[in-house]
Amino acid sequence: MLTAVEKILFILAIVASLGLAQHFFRQAFAVIRRGEGSLAFDQLPGRVWRALDVLITQRTVFRARAATSLLHGFVVWGFLYYVLINIGDSLEGLFELNFLGDGPIGDLYRVAGDVLSVLILIGMVYFLIRRFVARAPALSIRENVTLHPRALPGIRRDSLIVGLFILIHVGARFVGESFQIARHTGDIWQPFATALAGLWDGLDGDTLEIAEHVAWWLAIGTILAFIPYFPFSKHMHLFMGPLNYFTRPDRASPGALAPLDFEDEEREQFGAARIEHLGQTQIFDAFACIMCNRCQDACPAYVTGKELSPAALEINKRYEIRGHMRPLAAGEPSPAPLLDFAISPSAVWACTACGACIEICPVGNEPMFDVLDIRRDLVLTQGDFPAELQGAFRGMENAANPWGMGESRLAWAEGLDVPTVEEAADYEILYWVGCAGAFEPRAQAVARALVKVLQAAGVRFAVLGEAEMCTGDTARRAGNEYLFYEMARANIETLNAAHPPRILVTCPHCLHTLGKEYPQFGGVYNVVHHTEYLQELMASGRLRVHAAQKAHVTFHDPCYLGRHNSVYDAPRYALGAAGVAVTEMGRTRNDSFCCGAGGAQFWKEEEHGAARVSVTRYAEAAATGAPTLATGCPFCLRMFADASQEETAAHGPEVRDVAEIIAAQLGLEG
Ligand code: SF4
Ligand code: SF4
């Protein structure tokens with residue numbers, strides 16, 4: 001119990017600490033509100049549940065780095081419990097009471113506090129050793145990546161402050177309990193503190209009481225001093241991580257972009273040139289970032305030596321905001337464009353829009369959208385983008401396909417009975433061939449194989465033929481939202497007139513764009529990928545495969561089939577049902593590694609780096625020993641087919657689409 005003077009000092013310290021903290025938190029939220037759009041607060045119960053779920057279970061953290069995640073869990077769970085401990089200790093300091101008493105609840109309270117204190121201390125010592133002694137490579141960022149000048153010293157200083165704060169706060173409280181136990185007769189509900197109390201055997205009661213008093217002030221004093229520092233520290237992720245899950249928009253898929261409003265005549269800025277042009281949720285990301293670099297480990301551009309690190313992007317945003325918090329909060333323009341401090345132009349154009357950074361981030365950050373918003377600014381506002389993309393844009397504008405091919409979209413179907421919607425009025429499914437299926441030779445072979453399988457199963461299908469146009473996916477991922485908007489409107493008009501009962505696609509990019517992004521423009525369709533449809537046909541007995549020979553493949557999950565559309569089991573089921581054994585690669589399903597084509601990369605030269613993304617992934621497939629690399633995307637197919645021609649790839653697997661493999665198992669090839 002504190003003296004009267006101490007009580008007054010303590011209350012003044014609480015008021016000062018909370019007053020300063022609310023001032024700085026208000027500043028942080030004022031900066032967030034500078035962004036475009038708004039944070040999402042609809043469907044509150046679901047949002048609250050999602051935030052509590054990630055906070056308490058730490059399941060998003062446990063997706064990678066198991067040992068580090070467990071130790072991080074110790075610190076988080078312990079720190080949450082310390083909210084209760086700090087309330088209890090404060091009340092005990094102010095009033096003559098024993099918080100929660102000596103009954104079963106009090107016993108439980110003390111044993112949990114004792115165990116969690118030790119776990120926090122173990123965790124914190126681990127994290128300090130990892131950063132300052134072992135200098136874990138996972139915590140560094142390569143030199144060719146743009147890094148804010150304040151970031152490196154700032155992260156080290158902040159990590160040290162946070163580490164020491166936790167060690168002192170929790171350590172002082174734990175030692176203080178041991179002093180109290182030494183004054184009495186031990187406490188079986190605090191076994192660790194009781195063990196420590198054995199060290200104080202020679203001290204008299206008065207000394208122990210003073211020591212306990214000092215420890216109380218040290219424990220409470222450090223938390224009161226630290227609370228206003230939270231908004232400047234990466235430790236803020238403790239709140240901002242769950243709040244990020246709470247406030248982020250519900251997207252139709254993890255990669256579904258929000259449309260731009262081209263009807264708004266006042267608008268001069270399209271996309272993001274400066275921090276305040278980013279969405280509020282994207283500015284929020286900077287405050288939520290743990291700076292753990294997990295997104296960087298998963299990023300195909302970073303892994304292959306490009307200038308892009310999604311982690312650096314978030315860290316750079318954070319340090320720029322930190323350096324200009326007050327003027328930014330007051331509404332002043334940000335001092336520098338994003339390309340000056342957050343990311344280099346080469347990094348912007350290295351992103352494959354694979355979504356791996358979004359998938360892995362433990363606090364729900366979405367760095368990919370920053371990159372794509374910066375592309376929008378470069379294409380729509382500045383007219384500054386890689387020259388090769390101009391060819392794809394022009395092809396889409398003039399010939400409705402990025403290849404710019406003027407031929408018939410039905411040439412691939414020559415010799416096959418492929419009816420158009422006008423010729424097959426009672427069709428059950430519309431086969432959306434896609435530009436690759438229509439014009440790219442390998443994808444044309446896949447389209448032909450699929451049609452033979454559909455015919456074998458007696459499926460009544462039809463195609464749009466010449467009326468089909470590119471979905472505009474490439475334009476959208478490349479930042480040319482206006483071209484995408486035009487293509488989407490034209491296709492939606494065609495599709496709404498045709499009114500297809502279902503749409504079948506062989507391209508995951510078509511699957512994503514038609515199914516997840518066209519609803520933003522009034523086109524709502526039931527779209528299915530061919531691997532899903534093959535699974536359906538097999539499961540229902542419409543397609544029976546009695547394969548004479550067993551086959552063996554490894555399956556590459558295309559990013560826009562897996563991560564962006566959650567289709568993982570269907571291709572494996574279809575292959576398995578056709579007598580094909582699948583050996584998984586190390587990075588598989590939602591951890592799959594991009595082929596390097598997405599994000600409009602297919603239409604431009606790969607940015608400079610240490611290796612090609614496609615070759616890196618192809619080597620992973622070759623390492624499985626499977627004679628065939630199966631996939632379900634025409635762009636993956638082309639990238640890996642090219643990678644297989646590299647000298648280093650000699651004797652690698654043959655690259656085939658699932659539809660081709662099943663057609664072969666049915667004896668329908670050729
Ligand atoms: S979307 Fe993929 S390539 Fe782009 S930043 Fe994220 S992980 Fe890297
Ligand atoms: S964006 Fe997410 S994964 Fe990347 S460093 Fe920040 S917290 Fe870690």
# chains A, B, ... in the order shown; residues from 1 in each chain; ligands from 1

$ residues_near_ligand --ligand "ligand 1" --cutoff "9 Å" --atoms "only C-alpha atoms and all ligand atoms" --output "PyMOL selection string"
chain A and resi 255+295-303+308-311+313+347-348+350-360+366-372+593-594+596+598-599

$ residues_around --residues "range 578-590 of chain A" --least-positions-apart "3" --cutoff "7 Å" --atoms "only C-alpha atoms" --output "MDAnalysis selection string"
chainID A and resid 545 547 550:555 557 562:563 568 574:575 593 620:621 624 626 662 665

$ closest_residue --among "A:Arg131, A:His23, A:His277, A:Lys317" --to "ligand 2" --atoms "only C-alpha atoms and all ligand atoms"
A:Lys317

$ residues_around --residues "Leu94 in chain A" --least-positions-apart "2" --cutoff "9 Å" --atoms "only C-alpha atoms" --output "ChimeraX atom specification"
/A:1-4,7,10,89-92,96-97

$ write_last_selection --atoms "N, CA and C atoms" --output "CSV table (one decimal), in the first residue's frame"
chain,number,residue,atom,x,y,z
A,1,MET,N,0.9,-1.2,0.0
A,1,MET,CA,0.0,0.0,0.0
A,1,MET,C,0.9,1.3,0.0
A,2,LEU,N,0.5,2.2,-0.8
A,2,LEU,CA,1.3,3.4,-1.0
A,2,LEU,C,1.0,4.4,0.1
A,3,THR,N,2.0,5.3,0.3
A,3,THR,CA,1.7,6.4,1.3
A,3,THR,C,0.8,7.4,0.6
A,4,ALA,N,0.2,8.4,1.3
A,4,ALA,CA,-0.7,9.4,0.7
A,4,ALA,C,0.0,10.2,-0.4
A,7,LYS,N,0.4,8.1,-3.4
A,7,LYS,CA,-0.9,7.9,-4.1
A,7,LYS,C,-1.2,9.1,-5.0
A,10,PHE,N,1.1,8.9,-7.9
A,10,PHE,CA,0.7,7.8,-8.8
A,10,PHE,C,-0.5,8.2,-9.7
A,89,ASP,N,-2.5,-4.6,-9.4
A,89,ASP,CA,-1.4,-4.0,-8.6
A,89,ASP,C,-1.7,-2.6,-8.3
A,90,SER,N,-2.3,-1.9,-9.2
A,90,SER,CA,-2.7,-0.5,-9.0
A,90,SER,C,-3.7,-0.4,-7.9
A,91,LEU,N,-4.7,-1.2,-7.9
A,91,LEU,CA,-5.7,-1.2,-6.9
A,91,LEU,C,-5.1,-1.5,-5.5
A,92,GLU,N,-4.2,-2.5,-5.5
A,92,GLU,CA,-3.5,-2.9,-4.2
A,92,GLU,C,-2.7,-1.7,-3.7
A,96,GLU,N,-6.4,-0.7,0.6
A,96,GLU,CA,-6.0,-1.8,1.5
A,96,GLU,C,-6.7,-3.0,1.0
A,97,LEU,N,-6.3,-3.7,0.0
A,97,LEU,CA,-7.0,-4.9,-0.4
A,97,LEU,C,-6.1,-5.9,-1.0

$ residues_around --residues "range 222-235 of chain A" --least-positions-apart "3" --cutoff "6 Å" --atoms "only C-alpha atoms" --output "PyMOL selection string"
chain A and resi 17+20-21+25+169+218-219+238+290

$ closest_residue --among "A:Ala600, A:Ala488, A:Leu116, A:Ala424" --to "Gly391 in chain A" --atoms "only C-alpha atoms"
A:Ala600

$ decode --residues "range 336-437 of chain A" --atoms "C-alpha atoms" --output "PDB file, in the first residue's frame"
ATOM      1  CA  ALA A 336       7.760  13.422 -50.417  1.00  0.00           C
ATOM      2  CA  PRO A 337       6.237  11.076 -53.002  1.00  0.00           C
ATOM      3  CA  LEU A 338       6.156   7.354 -52.200  1.00  0.00           C
ATOM      4  CA  LEU A 339       8.704   6.664 -54.930  1.00  0.00           C
ATOM      5  CA  ASP A 340      11.223   8.842 -53.055  1.00  0.00           C
ATOM      6  CA  PHE A 341      11.283   6.883 -49.820  1.00  0.00           C
ATOM      7  CA  ALA A 342       8.945   3.864 -49.885  1.00  0.00           C
ATOM      8  CA  ILE A 343       9.722   1.855 -53.000  1.00  0.00           C
ATOM      9  CA  SER A 344      11.791   2.071 -56.173  1.00  0.00           C
ATOM     10  CA  PRO A 345      10.212   2.085 -59.662  1.00  0.00           C
ATOM     11  CA  SER A 346      11.807  -1.295 -60.445  1.00  0.00           C
ATOM     12  CA  ALA A 347      10.255  -2.727 -57.270  1.00  0.00           C
ATOM     13  CA  VAL A 348       6.841  -1.383 -58.291  1.00  0.00           C
ATOM     14  CA  TRP A 349       7.084  -3.251 -61.582  1.00  0.00           C
ATOM     15  CA  ALA A 350       8.521  -6.428 -60.015  1.00  0.00           C
ATOM     16  CA  CYS A 351       5.323  -7.373 -58.165  1.00  0.00           C
ATOM     17  CA  THR A 352       3.543 -10.427 -59.570  1.00  0.00           C
ATOM     18  CA  ALA A 353       0.359  -9.643 -57.610  1.00  0.00           C
ATOM     19  CA  CYS A 354       0.632 -13.163 -56.241  1.00  0.00           C
ATOM     20  CA  GLY A 355      -0.880 -12.271 -52.865  1.00  0.00           C
ATOM     21  CA  ALA A 356       1.710 -14.227 -50.859  1.00  0.00           C
ATOM     22  CA  CYS A 357       2.452 -11.131 -48.749  1.00  0.00           C
ATOM     23  CA  ILE A 358      -1.234 -10.808 -47.843  1.00  0.00           C
ATOM     24  CA  GLU A 359      -1.564 -14.507 -47.111  1.00  0.00           C
ATOM     25  CA  ILE A 360       1.405 -14.673 -44.743  1.00  0.00           C
ATOM     26  CA  CYS A 361       1.120 -11.371 -42.879  1.00  0.00           C
ATOM     27  CA  PRO A 362       0.232 -12.066 -39.243  1.00  0.00           C
ATOM     28  CA  VAL A 363      -1.428  -8.673 -38.748  1.00  0.00           C
ATOM     29  CA  GLY A 364      -3.542  -8.649 -41.907  1.00  0.00           C
ATOM     30  CA  ASN A 365      -1.464  -6.191 -43.937  1.00  0.00           C
ATOM     31  CA  GLU A 366      -1.979  -6.003 -47.700  1.00  0.00           C
ATOM     32  CA  PRO A 367       1.209  -4.520 -49.231  1.00  0.00           C
ATOM     33  CA  MET A 368       0.216  -5.743 -52.701  1.00  0.00           C
ATOM     34  CA  PHE A 369      -2.524  -3.109 -52.904  1.00  0.00           C
ATOM     35  CA  ASP A 370      -0.018  -0.315 -52.250  1.00  0.00           C
ATOM     36  CA  VAL A 371       2.076  -1.520 -55.182  1.00  0.00           C
ATOM     37  CA  LEU A 372      -0.940  -1.750 -57.471  1.00  0.00           C
ATOM     38  CA  ASP A 373      -2.158   1.702 -56.384  1.00  0.00           C
ATOM     39  CA  ILE A 374       1.266   3.159 -57.159  1.00  0.00           C
ATOM     40  CA  ARG A 375       1.042   1.500 -60.600  1.00  0.00           C
ATOM     41  CA  ARG A 376      -2.347   3.153 -61.100  1.00  0.00           C
ATOM     42  CA  ASP A 377      -0.779   6.537 -60.428  1.00  0.00           C
ATOM     43  CA  LEU A 378       2.129   5.817 -62.777  1.00  0.00           C
ATOM     44  CA  VAL A 379      -0.122   4.627 -65.611  1.00  0.00           C
ATOM     45  CA  LEU A 380      -3.187   6.850 -65.245  1.00  0.00           C
ATOM     46  CA  THR A 381      -1.761  10.058 -63.794  1.00  0.00           C
ATOM     47  CA  GLN A 382       1.901  10.131 -64.808  1.00  0.00           C
ATOM     48  CA  GLY A 383       1.852   8.014 -67.990  1.00  0.00           C
ATOM     49  CA  ASP A 384       5.119   6.432 -66.838  1.00  0.00           C
ATOM     50  CA  PHE A 385       5.267   2.627 -67.181  1.00  0.00           C
ATOM     51  CA  PRO A 386       7.419  -0.059 -68.861  1.00  0.00           C
ATOM     52  CA  ALA A 387       7.298   0.342 -72.624  1.00  0.00           C
ATOM     53  CA  GLU A 388       6.522  -3.362 -73.202  1.00  0.00           C
ATOM     54  CA  LEU A 389       3.170  -2.937 -71.449  1.00  0.00           C
ATOM     55  CA  GLN A 390       2.131  -0.478 -74.128  1.00  0.00           C
ATOM     56  CA  GLY A 391       1.916  -3.410 -76.565  1.00  0.00           C
ATOM     57  CA  ALA A 392      -0.449  -5.351 -74.312  1.00  0.00           C
ATOM     58  CA  PHE A 393      -2.584  -2.242 -73.668  1.00  0.00           C
ATOM     59  CA  ARG A 394      -2.776  -1.487 -77.384  1.00  0.00           C
ATOM     60  CA  GLY A 395      -3.644  -5.101 -78.165  1.00  0.00           C
ATOM     61  CA  MET A 396      -6.521  -4.983 -75.699  1.00  0.00           C
ATOM     62  CA  GLU A 397      -7.741  -1.655 -77.048  1.00  0.00           C
ATOM     63  CA  ASN A 398      -7.519  -2.555 -80.726  1.00  0.00           C
ATOM     64  CA  ALA A 399      -7.991  -6.322 -80.918  1.00  0.00           C
ATOM     65  CA  ALA A 400      -9.597  -7.110 -77.516  1.00  0.00           C
ATOM     66  CA  ASN A 401      -6.664  -9.331 -76.563  1.00  0.00           C
ATOM     67  CA  PRO A 402      -3.235  -8.483 -75.129  1.00  0.00           C
ATOM     68  CA  TRP A 403      -1.480 -10.385 -77.938  1.00  0.00           C
ATOM     69  CA  GLY A 404      -3.075  -7.966 -80.392  1.00  0.00           C
ATOM     70  CA  MET A 405      -4.052 -10.932 -82.587  1.00  0.00           C
ATOM     71  CA  GLY A 406      -6.517 -10.104 -85.318  1.00  0.00           C
ATOM     72  CA  GLU A 407      -7.469 -13.700 -86.160  1.00  0.00           C
ATOM     73  CA  SER A 408     -10.666 -15.490 -85.204  1.00  0.00           C
ATOM     74  CA  ARG A 409     -11.036 -16.349 -81.531  1.00  0.00           C
ATOM     75  CA  LEU A 410     -12.331 -19.757 -82.625  1.00  0.00           C
ATOM     76  CA  ALA A 411      -9.391 -20.939 -84.736  1.00  0.00           C
ATOM     77  CA  TRP A 412      -8.267 -23.247 -81.910  1.00  0.00           C
ATOM     78  CA  ALA A 413     -11.546 -25.213 -82.190  1.00  0.00           C
ATOM     79  CA  GLU A 414     -11.137 -26.160 -85.830  1.00  0.00           C
ATOM     80  CA  GLY A 415     -12.155 -29.797 -86.356  1.00  0.00           C
ATOM     81  CA  LEU A 416     -13.931 -29.953 -83.011  1.00  0.00           C
ATOM     82  CA  ASP A 417     -17.658 -29.559 -82.527  1.00  0.00           C
ATOM     83  CA  VAL A 418     -17.652 -26.339 -80.468  1.00  0.00           C
ATOM     84  CA  PRO A 419     -20.996 -24.516 -80.688  1.00  0.00           C
ATOM     85  CA  THR A 420     -21.485 -20.834 -79.955  1.00  0.00           C
ATOM     86  CA  VAL A 421     -24.280 -19.657 -77.658  1.00  0.00           C
ATOM     87  CA  GLU A 422     -26.371 -18.811 -80.717  1.00  0.00           C
ATOM     88  CA  GLU A 423     -25.978 -22.382 -82.014  1.00  0.00           C
ATOM     89  CA  ALA A 424     -26.629 -24.176 -78.710  1.00  0.00           C
ATOM     90  CA  ALA A 425     -29.601 -22.562 -77.074  1.00  0.00           C
ATOM     91  CA  ASP A 426     -29.926 -25.136 -74.260  1.00  0.00           C
ATOM     92  CA  TYR A 427     -26.308 -25.168 -73.179  1.00  0.00           C
ATOM     93  CA  GLU A 428     -25.714 -25.894 -69.485  1.00  0.00           C
ATOM     94  CA  ILE A 429     -22.385 -24.129 -69.184  1.00  0.00           C
ATOM     95  CA  LEU A 430     -20.614 -21.375 -71.103  1.00  0.00           C
ATOM     96  CA  TYR A 431     -16.971 -22.122 -71.808  1.00  0.00           C
ATOM     97  CA  TRP A 432     -15.115 -18.783 -71.478  1.00  0.00           C
ATOM     98  CA  VAL A 433     -12.031 -19.631 -73.527  1.00  0.00           C
ATOM     99  CA  GLY A 434      -9.950 -16.593 -72.555  1.00  0.00           C
ATOM    100  CA  CYS A 435      -7.356 -14.859 -74.712  1.00  0.00           C
ATOM    101  CA  ALA A 436      -4.688 -17.479 -73.944  1.00  0.00           C
ATOM    102  CA  GLY A 437      -7.005 -20.331 -74.935  1.00  0.00           C
TER     103      GLY A 437
END
